[in-house]
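Reading through the structure tokens given below for one structure.
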Amino acid sequence: MKELNDLQLKVLDLLKEDARRTPALLSTLLGESEDKIKAAVAQLEQDHVIVKYATVVNWSKIDDEKVTALIEVQITPERGRGFEGIAERIYLYPQVKSVYLMSGAYDLLVEVEGGNLREVANFVSEKLSPIDSVLSTKTNFILKKYKQDGIIFEDHQEDNRLMISP
């Protein structure tokens, strides 16, 4: 695990908030030279701390019928590899967007995206469930996203009430 310096941590926080921030803007915000910012970002990319710059899309605003499911998976760990080998088999499928090792009632949480409910159901029944180490699955379809990665998708009114102090 890599130890990051203070500048790298600040750069990561600002880019996580908005990946479109330029080195010039980051330089101004952090009071550092643009060359220093560029070097910090290049090192973070080289060390695979920054692995991708992404856009958060509110898919409900466009006519796109994608279906997302969160699948709880109970598995038997493999001798010598634990959960790693099974997680790898699962995350290599193109339909799989995320895989998390979890504590609690199930072992893996798998996020799957498909064109419709049937595609996701077929993935679970034909690809995921037949894996030898998979004991059970529970599929939860996302009906609506209200907030993702700190971004609220719904129009909402700000709370303009005055604070009452004692």
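Chain lettering (A, B, ...) mirrors the order of the structure tokens, residue numbering begins at 1 for each chain separately, and ligand numbering begins at 1 in order of display.
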
query: Per DSSP on the backbone, what are the strand (DSSP E or B) residues of stretch 37-126 of chain A, as a list in words?
result: Val67, Thr68, Ala69, Leu70, Ile71, Glu72, Val73, Gln74, Ile75, Glu78, Gly82, Val96, Lys97, Ser98, Val99, Tyr100, Leu101, Leu108, Leu109, Val110, Glu111, Val112, Glu113 and Gly114 of chain A

query: Out of stretch 103-162 of chain A, which residues get alpha helix (DSSP H) from DSSP, as a PyMOL selection string?
result: chain A and resi 117-123

Atoms kept (all heavy atoms) for selection, written as an mmCIF file, in the first residue's frame:
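Below is the file selection.cif, written as the result:
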```
data_model
loop_
_atom_site.group_PDB
_atom_site.id
_atom_site.type_symbol
_atom_site.label_atom_id
_atom_site.label_comp_id
_atom_site.auth_asym_id
_atom_site.auth_seq_id
_atom_site.Cartn_x
_atom_site.Cartn_y
_atom_site.Cartn_z
ATOM 1 N N LEU A 117 -34.715 -6.689 -17.809
ATOM 2 C CA LEU A 117 -34.763 -7.616 -16.670
ATOM 3 C C LEU A 117 -34.346 -9.023 -17.083
ATOM 4 O O LEU A 117 -33.642 -9.715 -16.344
ATOM 5 C CB LEU A 117 -36.167 -7.648 -16.065
ATOM 6 C CG LEU A 117 -36.650 -6.376 -15.383
ATOM 7 C CD1 LEU A 117 -38.121 -6.509 -15.011
ATOM 8 C CD2 LEU A 117 -35.825 -6.069 -14.156
ATOM 9 N N ARG A 118 -34.774 -9.460 -18.242
ATOM 10 C CA ARG A 118 -34.474 -10.812 -18.701
ATOM 11 C C ARG A 118 -32.965 -11.023 -18.873
ATOM 12 O O ARG A 118 -32.433 -12.060 -18.509
ATOM 13 C CB ARG A 118 -35.204 -11.124 -20.011
ATOM 14 C CG ARG A 118 -35.011 -12.565 -20.476
ATOM 15 C CD ARG A 118 -35.754 -12.888 -21.757
ATOM 16 N NE ARG A 118 -37.134 -12.461 -21.788
ATOM 17 C CZ ARG A 118 -38.157 -13.121 -21.261
ATOM 18 N NH1 ARG A 118 -37.940 -14.249 -20.637
ATOM 19 N NH2 ARG A 118 -39.384 -12.656 -21.348
ATOM 20 N N GLU A 119 -32.264 -10.022 -19.415
ATOM 21 C CA GLU A 119 -30.807 -10.135 -19.577
ATOM 22 C C GLU A 119 -30.122 -10.344 -18.235
ATOM 23 O O GLU A 119 -29.226 -11.183 -18.102
ATOM 24 C CB GLU A 119 -30.234 -8.873 -20.236
ATOM 25 C CG GLU A 119 -30.276 -8.875 -21.726
ATOM 26 C CD GLU A 119 -29.588 -7.642 -22.314
ATOM 27 O OE1 GLU A 119 -28.662 -7.090 -21.678
ATOM 28 O OE2 GLU A 119 -29.997 -7.237 -23.413
ATOM 29 N N VAL A 120 -30.526 -9.572 -17.242
ATOM 30 C CA VAL A 120 -29.919 -9.701 -15.915
ATOM 31 C C VAL A 120 -30.275 -11.055 -15.308
ATOM 32 O O VAL A 120 -29.415 -11.745 -14.753
ATOM 33 C CB VAL A 120 -30.346 -8.541 -14.992
ATOM 34 C CG1 VAL A 120 -29.842 -8.763 -13.573
ATOM 35 C CG2 VAL A 120 -29.829 -7.210 -15.532
ATOM 36 N N ALA A 121 -31.535 -11.460 -15.429
ATOM 37 C CA ALA A 121 -31.963 -12.761 -14.902
ATOM 38 C C ALA A 121 -31.198 -13.898 -15.571
ATOM 39 O O ALA A 121 -30.778 -14.851 -14.904
ATOM 40 C CB ALA A 121 -33.463 -12.937 -15.095
ATOM 41 N N ASN A 122 -31.005 -13.811 -16.884
ATOM 42 C CA ASN A 122 -30.237 -14.835 -17.599
ATOM 43 C C ASN A 122 -28.787 -14.873 -17.139
ATOM 44 O O ASN A 122 -28.194 -15.945 -17.002
ATOM 45 C CB ASN A 122 -30.298 -14.623 -19.111
ATOM 46 C CG ASN A 122 -31.636 -14.994 -19.694
ATOM 47 O OD1 ASN A 122 -32.425 -15.704 -19.072
ATOM 48 N ND2 ASN A 122 -31.907 -14.500 -20.889
ATOM 49 N N PHE A 123 -28.196 -13.703 -16.883
ATOM 50 C CA PHE A 123 -26.826 -13.667 -16.381
ATOM 51 C C PHE A 123 -26.732 -14.413 -15.048
ATOM 52 O O PHE A 123 -25.834 -15.226 -14.837
ATOM 53 C CB PHE A 123 -26.336 -12.217 -16.211
ATOM 54 C CG PHE A 123 -25.024 -12.143 -15.491
ATOM 55 C CD1 PHE A 123 -23.836 -12.410 -16.162
ATOM 56 C CD2 PHE A 123 -24.967 -11.837 -14.140
ATOM 57 C CE1 PHE A 123 -22.621 -12.373 -15.494
ATOM 58 C CE2 PHE A 123 -23.758 -11.794 -13.465
ATOM 59 C CZ PHE A 123 -22.578 -12.058 -14.145
#
```

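Across the structure, atom CA of A:Leu30 and atom CA of A:Leu7 are spaced 8.2 Å apart.
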
field: For stretch 61-74 of chain A: contacts at 10 Å, only C-alpha atoms, fewer than 2 positions along chain excluded, given as a ChimeraX atom specification
entry: /A:57-59,76-77,95-102,105-121,124,128-129,133-144,153

Please produce an output containing N, CA and C atoms for each residue in the selection, written as a short mmCIF file (atom, residue, chain, number, x, y, z; two decimals), in the first residue's frame.
```cif
data_model
loop_
_atom_site.label_atom_id
_atom_site.label_comp_id
_atom_site.auth_asym_id
_atom_site.auth_seq_id
_atom_site.Cartn_x
_atom_site.Cartn_y
_atom_site.Cartn_z
N VAL A 57 -23.66 9.94 -14.64
CA VAL A 57 -24.78 10.22 -15.54
C VAL A 57 -26.09 9.91 -14.83
N ASN A 58 -27.04 10.81 -14.93
CA ASN A 58 -28.39 10.57 -14.43
C ASN A 58 -29.18 9.94 -15.58
N TRP A 59 -29.14 8.60 -15.68
CA TRP A 59 -29.74 7.88 -16.79
C TRP A 59 -31.25 8.06 -16.86
N THR A 76 -18.48 -20.24 -1.13
CA THR A 76 -17.52 -20.99 -0.34
C THR A 76 -16.14 -20.56 -0.81
N PRO A 77 -15.32 -20.00 0.08
CA PRO A 77 -13.97 -19.57 -0.34
C PRO A 77 -13.14 -20.75 -0.84
N GLN A 95 -20.91 -7.73 -18.15
CA GLN A 95 -22.13 -7.20 -17.54
C GLN A 95 -21.89 -6.70 -16.12
N VAL A 96 -20.81 -7.16 -15.51
CA VAL A 96 -20.51 -6.83 -14.11
C VAL A 96 -19.82 -5.48 -14.04
N LYS A 97 -20.44 -4.56 -13.31
CA LYS A 97 -19.89 -3.21 -13.17
C LYS A 97 -19.05 -3.06 -11.91
N SER A 98 -19.40 -3.76 -10.83
CA SER A 98 -18.66 -3.68 -9.57
C SER A 98 -18.79 -5.00 -8.82
N VAL A 99 -17.77 -5.32 -8.03
CA VAL A 99 -17.81 -6.46 -7.13
C VAL A 99 -17.16 -6.03 -5.82
N TYR A 100 -17.87 -6.27 -4.71
CA TYR A 100 -17.37 -5.89 -3.39
C TYR A 100 -17.38 -7.10 -2.47
N LEU A 101 -16.32 -7.29 -1.70
CA LEU A 101 -16.30 -8.27 -0.63
C LEU A 101 -16.97 -7.61 0.56
N MET A 102 -17.94 -8.30 1.15
CA MET A 102 -18.78 -7.70 2.19
C MET A 102 -18.66 -8.47 3.50
N ALA A 105 -24.36 -10.95 6.02
CA ALA A 105 -25.12 -12.13 5.63
C ALA A 105 -24.67 -12.75 4.30
N TYR A 106 -23.94 -12.02 3.47
CA TYR A 106 -23.47 -12.55 2.20
C TYR A 106 -22.02 -12.13 2.01
N ASP A 107 -21.35 -12.72 1.04
CA ASP A 107 -19.91 -12.52 0.86
C ASP A 107 -19.56 -11.46 -0.18
N LEU A 108 -20.24 -11.52 -1.32
CA LEU A 108 -19.96 -10.58 -2.41
C LEU A 108 -21.22 -9.81 -2.77
N LEU A 109 -21.05 -8.54 -3.09
CA LEU A 109 -22.12 -7.74 -3.67
C LEU A 109 -21.69 -7.45 -5.10
N VAL A 110 -22.51 -7.89 -6.06
CA VAL A 110 -22.18 -7.77 -7.47
C VAL A 110 -23.17 -6.83 -8.13
N GLU A 111 -22.66 -5.79 -8.77
CA GLU A 111 -23.52 -4.86 -9.52
C GLU A 111 -23.47 -5.26 -10.99
N VAL A 112 -24.64 -5.53 -11.54
CA VAL A 112 -24.77 -6.00 -12.93
C VAL A 112 -25.67 -5.05 -13.69
N GLU A 113 -25.31 -4.80 -14.96
CA GLU A 113 -26.13 -3.95 -15.81
C GLU A 113 -26.53 -4.73 -17.05
N GLY A 114 -27.79 -4.58 -17.44
CA GLY A 114 -28.29 -5.25 -18.64
C GLY A 114 -29.27 -4.37 -19.37
N GLY A 115 -29.64 -4.79 -20.56
CA GLY A 115 -30.59 -4.04 -21.38
C GLY A 115 -32.01 -4.15 -20.87
N ASN A 116 -32.31 -5.24 -20.15
CA ASN A 116 -33.65 -5.43 -19.61
C ASN A 116 -33.58 -6.45 -18.46
N LEU A 117 -34.71 -6.69 -17.81
CA LEU A 117 -34.76 -7.62 -16.67
C LEU A 117 -34.35 -9.02 -17.08
N ARG A 118 -34.77 -9.46 -18.24
CA ARG A 118 -34.47 -10.81 -18.70
C ARG A 118 -32.97 -11.02 -18.87
N GLU A 119 -32.26 -10.02 -19.41
CA GLU A 119 -30.81 -10.13 -19.58
C GLU A 119 -30.12 -10.34 -18.23
N VAL A 120 -30.53 -9.57 -17.24
CA VAL A 120 -29.92 -9.70 -15.91
C VAL A 120 -30.27 -11.06 -15.31
N ALA A 121 -31.54 -11.46 -15.43
CA ALA A 121 -31.96 -12.76 -14.90
C ALA A 121 -31.20 -13.90 -15.57
N VAL A 124 -27.68 -14.14 -14.16
CA VAL A 124 -27.67 -14.78 -12.84
C VAL A 124 -27.85 -16.29 -12.98
N LEU A 128 -23.72 -16.77 -13.26
CA LEU A 128 -23.32 -16.59 -11.87
C LEU A 128 -23.66 -17.80 -11.00
N SER A 129 -24.89 -18.23 -11.01
CA SER A 129 -25.32 -19.34 -10.14
C SER A 129 -24.60 -20.66 -10.41
N SER A 133 -18.49 -22.57 -6.55
CA SER A 133 -18.38 -22.03 -5.19
C SER A 133 -19.57 -21.18 -4.77
N VAL A 134 -20.46 -20.86 -5.70
CA VAL A 134 -21.62 -20.03 -5.38
C VAL A 134 -22.69 -20.88 -4.69
N LEU A 135 -23.02 -20.49 -3.45
CA LEU A 135 -24.03 -21.22 -2.68
C LEU A 135 -25.43 -20.67 -2.92
N SER A 136 -25.54 -19.34 -3.00
CA SER A 136 -26.85 -18.73 -3.24
C SER A 136 -26.68 -17.32 -3.76
N THR A 137 -27.75 -16.83 -4.41
CA THR A 137 -27.78 -15.45 -4.88
C THR A 137 -29.12 -14.84 -4.51
N LYS A 138 -29.11 -13.54 -4.34
CA LYS A 138 -30.35 -12.78 -4.11
C LYS A 138 -30.24 -11.52 -4.96
N THR A 139 -31.14 -11.38 -5.92
CA THR A 139 -31.07 -10.27 -6.87
C THR A 139 -32.03 -9.17 -6.47
N ASN A 140 -31.49 -7.95 -6.39
CA ASN A 140 -32.27 -6.75 -6.07
C ASN A 140 -32.14 -5.79 -7.24
N PHE A 141 -33.25 -5.46 -7.89
CA PHE A 141 -33.21 -4.53 -9.02
C PHE A 141 -33.33 -3.10 -8.51
N ILE A 142 -32.50 -2.21 -9.05
CA ILE A 142 -32.56 -0.80 -8.68
C ILE A 142 -33.72 -0.19 -9.46
N LEU A 143 -34.67 0.37 -8.75
CA LEU A 143 -35.84 0.97 -9.38
C LEU A 143 -35.62 2.45 -9.69
N LYS A 144 -34.88 3.13 -8.81
CA LYS A 144 -34.64 4.56 -8.99
C LYS A 144 -33.42 4.96 -8.17
N PHE A 153 -29.67 13.34 -7.59
CA PHE A 153 -30.27 13.40 -8.93
C PHE A 153 -31.59 14.14 -8.97
#
```

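The interatomic distance for the pair atom CA of A:Pro94 and atom CA of A:Val51 works out to 18.0 Å.
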
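In this model, the gap between atom CA of A:Lys16 and atom CA of A:Ile50 comes to 9.7 Å.
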
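Restricting the calculation to only C-alpha atoms, the smallest distance between A:Val49 and any of A:Thr22, A:Gln148, A:Gln8, A:Ser33 is found for A:Gln8.
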
message: I want to know what sits within 12 Å of A:Ala19, based on only C-alpha atoms, with residues of the same chain fewer than 3 positions away left out; could you give that as a PyMOL selection string?
response: chain A and resi 11-16+22-23+25-26+41+50-56

So that I have them on file, write out the residues from the current selection with N, CA, C and O atoms, as a compact mmCIF listing (two decimals), in the first residue's frame.
```txt
# COMPACT_ATOMS: atom_id res chain seq x y z
N VAL A 11 -5.09 16.81 -3.96
CA VAL A 11 -5.39 16.71 -5.39
C VAL A 11 -6.47 15.65 -5.61
O VAL A 11 -7.44 15.87 -6.35
N LEU A 12 -6.34 14.50 -4.94
CA LEU A 12 -7.36 13.44 -5.07
C LEU A 12 -8.73 13.92 -4.63
O LEU A 12 -9.73 13.66 -5.31
N ASP A 13 -8.80 14.62 -3.51
CA ASP A 13 -10.08 15.13 -3.02
C ASP A 13 -10.72 16.07 -4.04
O ASP A 13 -11.92 15.98 -4.32
N LEU A 14 -9.92 16.97 -4.61
CA LEU A 14 -10.47 17.93 -5.57
C LEU A 14 -10.88 17.26 -6.88
O LEU A 14 -11.90 17.62 -7.47
N LEU A 15 -10.11 16.28 -7.34
CA LEU A 15 -10.46 15.59 -8.58
C LEU A 15 -11.65 14.67 -8.38
O LEU A 15 -12.45 14.47 -9.30
N LYS A 16 -11.80 14.09 -7.19
CA LYS A 16 -12.97 13.24 -6.92
C LYS A 16 -14.23 14.08 -6.98
O LYS A 16 -15.26 13.63 -7.48
N THR A 22 -8.65 21.42 -14.09
CA THR A 22 -7.36 21.45 -14.80
C THR A 22 -6.22 21.63 -13.80
O THR A 22 -6.43 22.11 -12.68
N PRO A 23 -4.99 21.27 -14.22
CA PRO A 23 -3.84 21.54 -13.36
C PRO A 23 -3.72 23.02 -12.98
O PRO A 23 -3.34 23.35 -11.86
N LEU A 25 -6.24 25.18 -12.52
CA LEU A 25 -7.20 25.45 -11.47
C LEU A 25 -6.76 24.81 -10.15
O LEU A 25 -6.85 25.43 -9.09
N LEU A 26 -6.30 23.55 -10.21
CA LEU A 26 -5.82 22.89 -9.00
C LEU A 26 -4.66 23.67 -8.38
O LEU A 26 -4.58 23.79 -7.16
N VAL A 41 -0.20 14.51 -10.12
CA VAL A 41 -1.23 13.76 -10.85
C VAL A 41 -0.57 12.64 -11.67
O VAL A 41 -1.06 11.50 -11.67
N ILE A 50 -4.99 6.84 -9.24
CA ILE A 50 -6.03 7.33 -10.16
C ILE A 50 -6.06 6.32 -11.30
O ILE A 50 -5.09 6.16 -12.02
N VAL A 51 -7.19 5.63 -11.44
CA VAL A 51 -7.28 4.60 -12.48
C VAL A 51 -8.19 5.00 -13.63
O VAL A 51 -8.13 4.40 -14.71
N LYS A 52 -9.05 6.00 -13.41
CA LYS A 52 -9.96 6.41 -14.47
C LYS A 52 -10.61 7.74 -14.08
O LYS A 52 -10.84 8.01 -12.92
N TYR A 53 -10.91 8.55 -15.09
CA TYR A 53 -11.70 9.76 -14.89
C TYR A 53 -13.08 9.46 -15.45
O TYR A 53 -13.20 9.04 -16.60
N ALA A 54 -14.11 9.63 -14.63
CA ALA A 54 -15.44 9.19 -15.04
C ALA A 54 -16.46 10.31 -14.91
O ALA A 54 -16.28 11.26 -14.15
N THR A 55 -17.56 10.14 -15.61
CA THR A 55 -18.70 11.05 -15.55
C THR A 55 -19.84 10.34 -14.86
O THR A 55 -20.12 9.18 -15.14
N VAL A 56 -20.51 11.03 -13.95
CA VAL A 56 -21.70 10.48 -13.30
C VAL A 56 -22.89 10.92 -14.13
O VAL A 56 -23.10 12.11 -14.34
```

message: List as number ranges by chain the protein and nucleic acid residues near A:Asp155, meaning an atom at most 12 Å away when only C-alpha atoms are counted, but skip any in the same chain fewer than 3 places from it.
response: A: 58, 61, 146-147, 151-152, 158
